[in-house]
file coords-v3.json (JSON, C-alpha atoms and all ligand atoms)
[["chain", "number", "residue", "atom", "x", "y", "z"],
["A", 705, "MET", "CA", 0.00, 0.00, 0.00],
["A", 706, "LYS", "CA", 2.69, 2.48, 1.08],
["A", 707, "THR", "CA", 4.83, 1.67, -1.97],
["A", 708, "PHE", "CA", 2.05, 2.23, -4.47],
["A", 709, "ILE", "CA", 1.18, 5.55, -2.85],
["A", 710, "ALA", "CA", 4.82, 6.57, -2.93],
["A", 711, "ARG", "CA", 5.00, 5.61, -6.62],
["A", 712, "CYS", "CA", 1.78, 7.48, -7.41],
["A", 713, "LEU", "CA", 3.06, 10.59, -5.71],
["A", 714, "LEU", "CA", 6.42, 10.35, -7.41],
["A", 715, "LEU", "CA", 4.64, 10.04, -10.74],
["A", 716, "LEU", "CA", 2.41, 12.93, -9.73],
["A", 717, "ALA", "CA", 5.42, 15.10, -8.95],
["A", 718, "LEU", "CA", 6.87, 14.35, -12.40],
["A", 719, "VAL", "CA", 3.56, 15.01, -14.15],
["A", 720, "CYS", "CA", 2.83, 18.19, -12.22],
["A", 721, "SER", "CA", 6.14, 19.93, -12.86],
["A", 722, "CYS", "CA", 5.21, 20.51, -16.52],
["A", 723, "SER", "CA", 1.79, 22.19, -16.41],
["A", 724, "ALA", "CA", 0.39, 25.14, -14.50],
["A", 725, "ALA", "CA", -3.28, 25.09, -13.46],
["A", 726, "ASP", "CA", -3.15, 21.60, -12.01],
["A", 727, "SER", "CA", -4.70, 19.79, -9.12],
["A", 728, "ILE", "CA", -2.98, 20.09, -5.75],
["A", 729, "TRP", "CA", -3.20, 16.36, -5.15],
["A", 730, "ASP", "CA", -4.19, 13.22, -7.00],
["A", 731, "LEU", "CA", -3.91, 9.51, -6.40],
["A", 732, "CYS", "CA", -4.21, 6.77, -8.97],
["A", 733, "ASN", "CA", -4.30, 3.19, -7.68],
["A", 734, "LYS", "CA", -2.13, 1.15, -10.07],
["A", 735, "ASN", "CA", -3.62, -2.02, -8.60],
["A", 736, "SER", "CA", -6.99, -1.11, -10.12],
["A", 737, "ASN", "CA", -6.11, -1.44, -13.83],
["A", 738, "VAL", "CA", -9.07, -1.77, -16.17],
["A", 739, "SER", "CA", -9.18, -1.87, -19.95],
["A", 740, "SER", "CA", -10.54, 1.25, -21.62],
["A", 741, "SER", "CA", -13.07, -0.85, -23.54],
["A", 742, "SER", "CA", -14.48, -2.48, -20.38],
["A", 743, "GLN", "CA", -17.92, -1.90, -18.90],
["A", 744, "ILE", "CA", -16.19, -0.50, -15.80],
["A", 745, "SER", "CA", -14.51, 2.19, -17.88],
["A", 746, "LYS", "CA", -17.87, 3.09, -19.44],
["A", 747, "ASN", "CA", -19.35, 3.27, -15.94],
["A", 748, "ILE", "CA", -16.58, 5.66, -14.87],
["A", 749, "ASP", "CA", -17.46, 7.94, -17.80],
["A", 750, "SER", "CA", -21.13, 7.89, -16.91],
["A", 751, "ILE", "CA", -20.38, 8.58, -13.24],
["A", 752, "LEU", "CA", -18.17, 11.51, -14.20],
["A", 753, "ALA", "CA", -20.96, 12.96, -16.34],
["A", 754, "THR", "CA", -23.35, 12.71, -13.38],
["A", 755, "LEU", "CA", -20.87, 14.32, -10.99],
["A", 756, "VAL", "CA", -20.18, 17.19, -13.40],
["A", 757, "SER", "CA", -23.88, 17.93, -13.95],
["A", 758, "LYS", "CA", -25.15, 17.46, -10.38],
["A", 759, "THR", "CA", -22.42, 18.76, -8.06],
["A", 760, "PRO", "CA", -22.78, 22.54, -8.61],
["A", 761, "SER", "CA", -26.42, 22.84, -7.46],
["A", 762, "GLN", "CA", -25.86, 21.32, -3.99],
["A", 763, "GLY", "CA", -22.05, 21.46, -3.79],
["A", 764, "PHE", "CA", -21.95, 17.72, -3.10],
["A", 765, "VAL", "CA", -23.11, 14.50, -4.72],
["A", 766, "THR", "CA", -22.54, 10.76, -4.45],
["A", 767, "THR", "CA", -23.56, 8.35, -7.16],
["A", 768, "THR", "CA", -23.35, 4.68, -8.13],
["A", 769, "SER", "CA", -23.48, 3.23, -11.62],
["A", 770, "SER", "CA", -26.20, 0.64, -12.03],
["A", 771, "SER", "CA", -24.69, -2.22, -13.98],
["A", 772, "TYR", "CA", -26.26, -5.48, -15.00],
["A", 773, "ASN", "CA", -23.19, -7.02, -13.46],
["A", 774, "LYS", "CA", -22.72, -5.88, -9.87],
["A", 775, "LYS", "CA", -18.97, -6.35, -10.01],
["A", 776, "ASP", "CA", -18.77, -3.62, -12.68],
["A", 777, "ASN", "CA", -20.30, -1.05, -10.35],
["A", 778, "VAL", "CA", -18.44, 2.18, -9.71],
["A", 779, "TYR", "CA", -19.06, 4.54, -6.78],
["A", 780, "GLY", "CA", -18.44, 8.25, -7.18],
["A", 781, "LEU", "CA", -18.29, 11.33, -4.98],
["A", 782, "ALA", "CA", -17.69, 14.99, -5.75],
["A", 783, "GLN", "CA", -17.74, 18.01, -3.48],
["A", 784, "CYS", "CA", -16.95, 21.70, -3.74],
["A", 785, "ARG", "CA", -15.52, 23.64, -0.82],
["A", 786, "GLY", "CA", -18.47, 25.09, 1.08],
["A", 787, "ASP", "CA", -17.51, 28.76, 0.72],
["A", 788, "ILE", "CA", -17.08, 28.96, -3.08],
["A", 789, "SER", "CA", -19.55, 30.14, -5.73],
["A", 790, "LYS", "CA", -21.58, 27.88, -7.98],
["A", 791, "THR", "CA", -19.59, 29.15, -10.98],
["A", 792, "ASP", "CA", -16.24, 28.28, -9.39],
["A", 793, "CYS", "CA", -17.69, 24.92, -8.38],
["A", 794, "THR", "CA", -18.79, 24.15, -11.95],
["A", 795, "THR", "CA", -15.38, 25.06, -13.38],
["A", 796, "CYS", "CA", -13.52, 23.09, -10.73],
["A", 797, "ILE", "CA", -15.56, 19.89, -11.13],
["A", 798, "GLN", "CA", -15.28, 20.08, -14.92],
["A", 799, "ASP", "CA", -11.49, 20.42, -14.67],
["A", 800, "ALA", "CA", -11.31, 17.62, -12.13],
["A", 801, "ALA", "CA", -13.35, 15.19, -14.25],
["A", 802, "LYS", "CA", -11.18, 15.88, -17.28],
["A", 803, "LYS", "CA", -7.86, 15.83, -15.46],
["A", 804, "ILE", "CA", -8.49, 12.63, -13.51],
["A", 805, "ARG", "CA", -8.98, 10.68, -16.76],
["A", 806, "GLU", "CA", -5.68, 12.08, -18.06],
["A", 807, "VAL", "CA", -3.77, 11.31, -14.88],
["A", 808, "CYS", "CA", -5.43, 7.95, -14.38],
["A", 809, "PRO", "CA", -6.71, 6.72, -17.78],
["A", 810, "ASN", "CA", -6.67, 2.97, -17.16],
["A", 811, "GLN", "CA", -7.58, 2.62, -13.48],
["A", 812, "SER", "CA", -10.88, 2.35, -11.64],
["A", 813, "ASP", "CA", -9.70, 3.78, -8.30],
["A", 814, "ALA", "CA", -8.77, 7.44, -8.47],
["A", 815, "ARG", "CA", -9.13, 10.72, -6.61],
["A", 816, "ILE", "CA", -8.21, 14.31, -7.30],
["A", 817, "LEU", "CA", -8.19, 17.42, -5.14],
["A", 818, "TYR", "CA", -8.15, 21.10, -6.05],
["A", 819, "ASP", "CA", -8.34, 24.02, -3.63],
["A", 820, "PHE", "CA", -12.01, 24.40, -4.61],
["A", 821, "CYS", "CA", -13.17, 20.80, -5.10],
["A", 822, "PHE", "CA", -12.60, 17.08, -4.66],
["A", 823, "LEU", "CA", -13.61, 14.16, -6.87],
["A", 824, "ARG", "CA", -13.22, 10.44, -6.30],
["A", 825, "TYR", "CA", -14.41, 7.13, -7.74],
["A", 826, "SER", "CA", -13.76, 3.47, -7.06],
["A", 827, "GLN", "CA", -15.22, -0.01, -7.53],
["A", 828, "GLU", "CA", -15.14, -0.26, -3.75],
["A", 829, "ASN", "CA", -17.85, 1.52, -1.85],
["A", 830, "PHE", "CA", -15.89, 4.18, 0.05],
["A", 831, "ILE", "CA", -18.89, 6.46, 0.64],
["A", 832, "GLY", "CA", -19.42, 7.34, 4.30],
["A", 833, "LYS", "CA", -16.08, 5.85, 5.31],
["A", 834, "LEU", "CA", -13.32, 7.83, 7.03],
["A", 835, "ASP", "CA", -10.11, 7.70, 4.98],
["A", 836, "THR", "CA", -6.85, 9.19, 6.23],
["A", 837, "GLY", "CA", -4.75, 6.39, 4.72],
["A", 838, "ALA", "CA", -2.89, 8.71, 2.37],
["A", 839, "GLY", "CA", -2.41, 12.43, 2.43],
["A", 840, "LEU", "CA", -0.26, 15.38, 1.52],
["A", 841, "ILE", "CA", 0.96, 18.47, 3.37],
["A", 842, "TYR", "CA", 1.83, 21.79, 1.78],
["A", 843, "TYR", "CA", 3.52, 24.37, 3.94],
["A", 844, "ASN", "CA", 5.04, 27.80, 3.61],
["A", 845, "VAL", "CA", 8.75, 27.40, 4.45],
["A", 846, "ALA", "CA", 8.84, 30.82, 6.19],
["A", 847, "ASN", "CA", 8.80, 30.70, 9.99],
["A", 848, "VAL", "CA", 6.43, 32.75, 12.09],
["A", 849, "THR", "CA", 8.41, 35.70, 13.47],
["A", 850, "GLU", "CA", 5.51, 37.97, 14.46],
["A", 851, "THR", "CA", 4.95, 36.09, 17.74],
["A", 852, "ASP", "CA", 6.91, 33.47, 19.68],
["A", 853, "PRO", "CA", 6.17, 29.80, 18.79],
["A", 854, "LYS", "CA", 4.25, 29.20, 22.01],
["A", 855, "THR", "CA", 1.86, 32.09, 21.48],
["A", 856, "PHE", "CA", 1.40, 31.03, 17.87],
["A", 857, "ASP", "CA", 0.58, 27.40, 18.82],
["A", 858, "ASN", "CA", -1.85, 28.70, 21.37],
["A", 859, "GLU", "CA", -3.69, 31.02, 18.96],
["A", 860, "LEU", "CA", -3.69, 28.39, 16.20],
["A", 861, "GLY", "CA", -5.09, 25.81, 18.63],
["A", 862, "LYS", "CA", -7.85, 28.15, 19.81],
["A", 863, "LEU", "CA", -8.87, 29.11, 16.27],
["A", 864, "PHE", "CA", -8.97, 25.50, 15.09],
["A", 865, "ASP", "CA", -10.90, 24.30, 18.16],
["A", 866, "LYS", "CA", -13.52, 26.88, 17.29],
["A", 867, "ILE", "CA", -13.80, 26.18, 13.54],
["A", 868, "ARG", "CA", -13.67, 22.40, 14.03],
["A", 869, "SER", "CA", -16.60, 22.48, 16.43],
["A", 870, "GLU", "CA", -18.49, 24.71, 14.00],
["A", 871, "ALA", "CA", -17.78, 22.35, 11.06],
["A", 872, "VAL", "CA", -19.31, 19.26, 12.69],
["A", 873, "LEU", "CA", -22.70, 20.95, 13.27],
["A", 874, "PRO", "CA", -25.26, 19.51, 10.82],
["A", 875, "GLU", "CA", -26.06, 22.89, 9.24],
["A", 876, "SER", "CA", -22.37, 23.58, 8.50],
["A", 877, "GLN", "CA", -22.09, 20.75, 5.97],
["A", 878, "GLY", "CA", -18.57, 19.96, 7.07],
["A", 879, "LEU", "CA", -17.21, 23.49, 6.67],
["A", 880, "GLY", "CA", -15.66, 25.66, 9.35],
["A", 881, "LYS", "CA", -13.77, 28.92, 8.82],
["A", 882, "GLY", "CA", -12.62, 31.87, 10.86],
["A", 883, "LYS", "CA", -9.81, 34.25, 11.70],
["A", 884, "THR", "CA", -8.03, 35.69, 14.68],
["A", 885, "LYS", "CA", -5.64, 38.60, 15.14],
["A", 886, "LEU", "CA", -2.12, 37.47, 16.06],
["A", 887, "THR", "CA", -0.92, 41.06, 16.33],
["A", 888, "PRO", "CA", -2.68, 44.33, 15.39],
["A", 889, "PHE", "CA", -1.21, 43.86, 11.89],
["A", 890, "VAL", "CA", -1.27, 40.09, 11.35],
["A", 891, "THR", "CA", -4.39, 37.97, 10.99],
["A", 892, "LEU", "CA", -4.41, 34.19, 11.05],
["A", 893, "ASN", "CA", -7.05, 32.72, 8.68],
["A", 894, "GLY", "CA", -8.22, 29.11, 9.07],
["A", 895, "LEU", "CA", -10.51, 26.71, 7.22],
["A", 896, "VAL", "CA", -11.54, 23.08, 7.73],
["A", 897, "GLN", "CA", -13.72, 20.98, 5.44],
["A", 898, "CYS", "CA", -14.90, 17.36, 5.64],
["A", 899, "THR", "CA", -16.58, 15.46, 2.84],
["A", 900, "ARG", "CA", -20.32, 15.61, 3.52],
["A", 901, "ASP", "CA", -20.84, 11.83, 3.51],
["A", 902, "LEU", "CA", -19.03, 11.52, 6.87],
["A", 903, "SER", "CA", -20.67, 11.33, 10.29],
["A", 904, "ALA", "CA", -19.89, 14.15, 12.74],
["A", 905, "LEU", "CA", -17.73, 11.73, 14.71],
["A", 906, "ASP", "CA", -15.66, 10.65, 11.69],
["A", 907, "CYS", "CA", -15.36, 14.25, 10.56],
["A", 908, "ALA", "CA", -14.03, 15.27, 13.98],
["A", 909, "GLN", "CA", -11.61, 12.32, 13.88],
["A", 910, "CYS", "CA", -10.32, 13.37, 10.46],
["A", 911, "PHE", "CA", -9.72, 16.95, 11.68],
["A", 912, "ALA", "CA", -7.92, 15.66, 14.78],
["A", 913, "THR", "CA", -5.57, 13.59, 12.60],
["A", 914, "ALA", "CA", -4.98, 16.51, 10.23],
["A", 915, "VAL", "CA", -4.44, 19.13, 12.94],
["A", 916, "GLN", "CA", -1.85, 16.86, 14.58],
["A", 917, "SER", "CA", 0.20, 17.31, 11.42],
["A", 918, "PHE", "CA", 0.35, 21.06, 12.07],
["A", 919, "MET", "CA", 2.57, 20.18, 15.00],
["A", 920, "GLY", "CA", 4.92, 18.15, 12.78],
["A", 921, "ALA", "CA", 5.89, 19.43, 9.32],
["A", 922, "CYS", "CA", 4.07, 22.73, 9.78],
["A", 923, "HIS", "CA", 5.29, 23.67, 13.22],
["A", 924, "ASN", "CA", 5.64, 27.47, 13.45],
["A", 925, "LYS", "CA", 5.19, 27.85, 9.67],
["A", 926, "LYS", "CA", 3.42, 30.83, 8.08],
["A", 927, "GLY", "CA", 0.95, 28.65, 6.24],
["A", 928, "CYS", "CA", -0.09, 25.01, 6.01],
["A", 929, "ARG", "CA", -2.54, 22.72, 4.21],
["A", 930, "VAL", "CA", -3.07, 19.12, 5.30],
["A", 931, "LEU", "CA", -4.97, 17.11, 2.70],
["A", 932, "TYR", "CA", -6.73, 13.76, 3.09],
["A", 933, "SER", "CA", -9.50, 12.10, 1.07],
["A", 934, "SER", "CA", -11.97, 12.71, 3.90],
["A", 935, "CYS", "CA", -10.95, 16.19, 5.03],
["A", 936, "TYR", "CA", -8.83, 19.24, 4.40],
["A", 937, "VAL", "CA", -7.45, 21.76, 6.91],
["A", 938, "ARG", "CA", -5.61, 24.98, 6.16],
["A", 939, "TYR", "CA", -4.30, 28.18, 7.69],
["A", 940, "GLU", "CA", -2.61, 31.19, 6.12],
["A", 941, "PHE", "CA", -1.48, 34.67, 7.12],
["A", 942, "TYR", "CA", -3.44, 36.04, 4.17],
["A", 943, "PRO", "CA", -7.19, 35.76, 3.43],
["A", 944, "PHE", "CA", -7.98, 32.77, 1.20],
["A", 945, "TYR", "CA", -11.57, 31.79, 1.95],
["A", 946, "PHE", "CA", -14.71, 33.50, 0.70],
["A", 947, "PRO", "CA", -15.98, 36.11, 1.19],
["A", 948, "LEU", "CA", -12.47, 37.56, 0.76],
["A", 949, "ASP", "CA", -11.51, 40.54, 2.89],
["A", 950, "PRO", "CA", -10.99, 43.23, 0.18],
["A", 951, "ALA", "CA", -8.73, 45.38, 2.37],
["A", 952, "LYS", "CA", -6.21, 42.58, 2.80],
["A", 953, "THR", "CA", -5.70, 40.92, -0.59],
["A", 954, "GLY", "CA", -2.39, 40.77, -2.43],
["A", 955, "THR", "CA", -0.25, 39.40, 0.39],
["A", 956, "SER", "CA", 2.75, 37.44, -0.87],
["A", 957, "VAL", "CA", 2.61, 33.67, -0.55],
["A", 958, "GLY", "CA", 6.30, 32.77, -0.28],
["A", 959, "THR", "CA", 7.96, 29.42, -0.97],
["A", 960, "ILE", "CA", 5.77, 26.35, -0.59],
["A", 961, "SER", "CA", 7.11, 22.86, 0.16],
["A", 962, "SER", "CA", 5.28, 19.54, 0.40],
["A", 963, "VAL", "CA", 5.49, 16.30, 2.39],
["A", 964, "ARG", "CA", 3.71, 12.96, 1.87],
["A", 965, "LEU", "CA", 1.69, 11.49, 4.71],
["B", 1001, "LIG", "C1", -1.21, -1.19, -14.18],
["B", 1001, "LIG", "O1", -0.81, -0.51, -15.37],
["B", 1001, "LIG", "C2", 0.36, 0.28, -15.22],
["B", 1001, "LIG", "C3", 0.63, 0.98, -16.53],
["B", 1001, "LIG", "O2", -0.49, 1.61, -17.01],
["B", 1001, "LIG", "C4", 1.54, -0.58, -14.79],
["B", 1001, "LIG", "O3", 2.67, 0.23, -14.56],
["B", 1001, "LIG", "C5", 1.18, -1.33, -13.52],
["B", 1001, "LIG", "O4", 2.22, -2.24, -13.18],
["B", 1001, "LIG", "C6", -0.12, -2.10, -13.68],
["B", 1001, "LIG", "N1", -0.48, -2.67, -12.40],
["B", 1001, "LIG", "C7", -0.77, -3.96, -12.22],
["B", 1001, "LIG", "C8", -1.11, -4.38, -10.84],
["B", 1001, "LIG", "O5", -0.76, -4.76, -13.13],
["B", 1002, "LIG", "C1", -3.95, 3.03, -21.20],
["B", 1002, "LIG", "O1", -4.38, 1.97, -22.03],
["B", 1002, "LIG", "C2", -4.30, 2.25, -23.42],
["B", 1002, "LIG", "C3", -4.85, 1.06, -24.14],
["B", 1002, "LIG", "O2", -5.99, 0.56, -23.55],
["B", 1002, "LIG", "C4", -2.85, 2.50, -23.79],
["B", 1002, "LIG", "O3", -2.75, 2.85, -25.15],
["B", 1002, "LIG", "C5", -2.27, 3.63, -22.94],
["B", 1002, "LIG", "O4", -0.89, 3.77, -23.18],
["B", 1002, "LIG", "C6", -2.49, 3.36, -21.45],
["B", 1002, "LIG", "N1", -2.07, 4.54, -20.71],
["B", 1002, "LIG", "C7", -1.22, 4.48, -19.67],
["B", 1002, "LIG", "C8", -0.86, 5.79, -19.02],
["B", 1002, "LIG", "O5", -0.77, 3.43, -19.23],
["B", 1003, "LIG", "C1", 12.76, 28.00, 10.52],
["B", 1003, "LIG", "O1", 13.15, 27.61, 11.82],
["B", 1003, "LIG", "C2", 13.82, 26.36, 11.87],
["B", 1003, "LIG", "C3", 14.01, 25.98, 13.35],
["B", 1003, "LIG", "O2", 14.43, 27.06, 14.10],
["B", 1003, "LIG", "C4", 15.12, 26.47, 11.11],
["B", 1003, "LIG", "O3", 15.82, 25.24, 11.13],
["B", 1003, "LIG", "C5", 14.80, 26.85, 9.65],
["B", 1003, "LIG", "O4", 16.01, 27.04, 8.92],
["B", 1003, "LIG", "C6", 13.98, 28.13, 9.59],
["B", 1003, "LIG", "N1", 13.53, 28.32, 8.20],
["B", 1003, "LIG", "C7", 13.66, 29.47, 7.56],
["B", 1003, "LIG", "C8", 13.17, 29.50, 6.15],
["B", 1003, "LIG", "O5", 14.14, 30.47, 8.08]]
call {"tool": "encode", "arguments": {"input": "coords-v3.json", "output": "structure tokens", "more": "lines below"}}
Ligand SMILES: *[C@@H]1O[C@H](CO)[C@@H](O)[C@H](O)[C@H]1NC(C)=O
Ligand SMILES: *[C@@H]1O[C@H](CO)[C@@H](O)[C@H](O)[C@H]1NC(C)=O
Ligand SMILES: *[C@@H]1O[C@H](CO)[C@@H](O)[C@H](O)[C@H]1NC(C)=O
result
Amino acid sequence: MKTFIARCLLLLALVCSCSAADSIWDLCNKNSNVSSSSQISKNIDSILATLVSKTPSQGFVTTTSSSYNKKDNVYGLAQCRGDISKTDCTTCIQDAAKKIREVCPNQSDARILYDFCFLRYSQENFIGKLDTGAGLIYYNVANVTETDPKTFDNELGKLFDKIRSEAVLPESQGLGKGKTKLTPFVTLNGLVQCTRDLSALDCAQCFATAVQSFMGACHNKKGCRVLYSSCYVRYEFYPFYFPLDPAKTGTSVGTISSVRL
């Protein structure tokens, strides 16, 4: 399992270095090879069409192909981040559906993540199941210098406790976001998002796993994103979630590094 993920991510790194507006993460299970003329491959195409047409109206959809042969069934899920517009959602899901077939043309188990959306399909029914088996961290290499590390940890912890508890409320649909002032001039912005098929308990568990990673690779860093199939957590020193704060846009992003989980 670990080796195939490592290979996928290595391949991903090679693929990603040559084009610009790409996904931030994708995984293609090379143990799920299917021929492009198979019924399964046709089912993937039909599932992708459903996800593209149905996701924007509700921001989330799950679907299953109905095959004569049950073993050809494919399960699909797509979700847009809860704070983005319907237009951005449409564009993101369209890109994701196209890109995933390029990245993973001959496999039945694939997932792709953009900042604005997530799309996944598999012959295994993964819907409603917590998955933190593979992940990716992006972090800003710059250290926090505006406060000491202890104060920063403290403020980060408080902000994330608040937005995590907001995200697991039924009406939040897995989304929590908020900000806090670190100094009169520096604002810490945070966002958490679970896939909407998860129970509140599994969502909370996913956030707990992800936030733990802040303490590792992201410790005292000026920005961090921890990405799993079931949830996504992020903080930055600049505004990145909607509605954007118009007075504060245009802050530089700095150098971003990544680590596999
Ligand atoms: C699946 O196909 C890829 C090439 O498309 C190949 O590298 C890989 O070894 C195959 N996996 C299995 C389990 O046969
Ligand atoms: C996928 O399979 C087709 C034939 O079915 C083959 O031509 C193509 O090279 C394969 N792509 C990859 C990336 O393995
Ligand atoms: C950040 O701080 C760590 C630990 O003090 C140090 O090793 C690292 O070089 C610093 N990174 C930058 C970009 O200054």
call {"tool": "atom_distance", "arguments": {"input": "coords-v3.json", "atom1": "CA of Ser741 in chain A", "atom2": "CA of Phe764 in chain A"}}
result
29.0 Å
call {"tool": "closest_residue", "arguments": {"input": "coords-v3.json", "among": "A:Thr887, A:Asn773, A:Asn810, A:Asn733", "to": "ligand LIG 1002 (chain B)", "atoms": "all atoms listed in the file"}}
result
A:Asn810
call {"tool": "closest_atom_pairs", "arguments": {"input": "coords-v3.json", "of": "chain A", "to": "ligand LIG 1003 (chain B)", "cutoff": "7 Å", "atoms": "all atoms listed in the file", "output": "CSV"}}
result
residue,atom,partner,partner_atom,distance
A:Val845,CA,B:LIG1003,C8,5.2
A:Ala846,CA,B:LIG1003,C8,4.5
A:Asn847,CA,B:LIG1003,C1,4.8
call {"tool": "atom_distance", "arguments": {"input": "coords-v3.json", "atom1": "CA of Phe941 in chain A", "atom2": "CA of Glu850 in chain A"}}
result
10.7 Å
call {"tool": "atom_distance", "arguments": {"input": "coords-v3.json", "atom1": "CA of Gly927 in chain A", "atom2": "CA of Val890 in chain A"}}
result
12.7 Å
call {"tool": "residues_near_ligand", "arguments": {"input": "coords-v3.json", "ligand": "ligand LIG 1002 (chain B)", "cutoff": "7 Å", "atoms": "all atoms listed in the file", "output": "number ranges by chain"}}
result
A: 739-740, 808-810
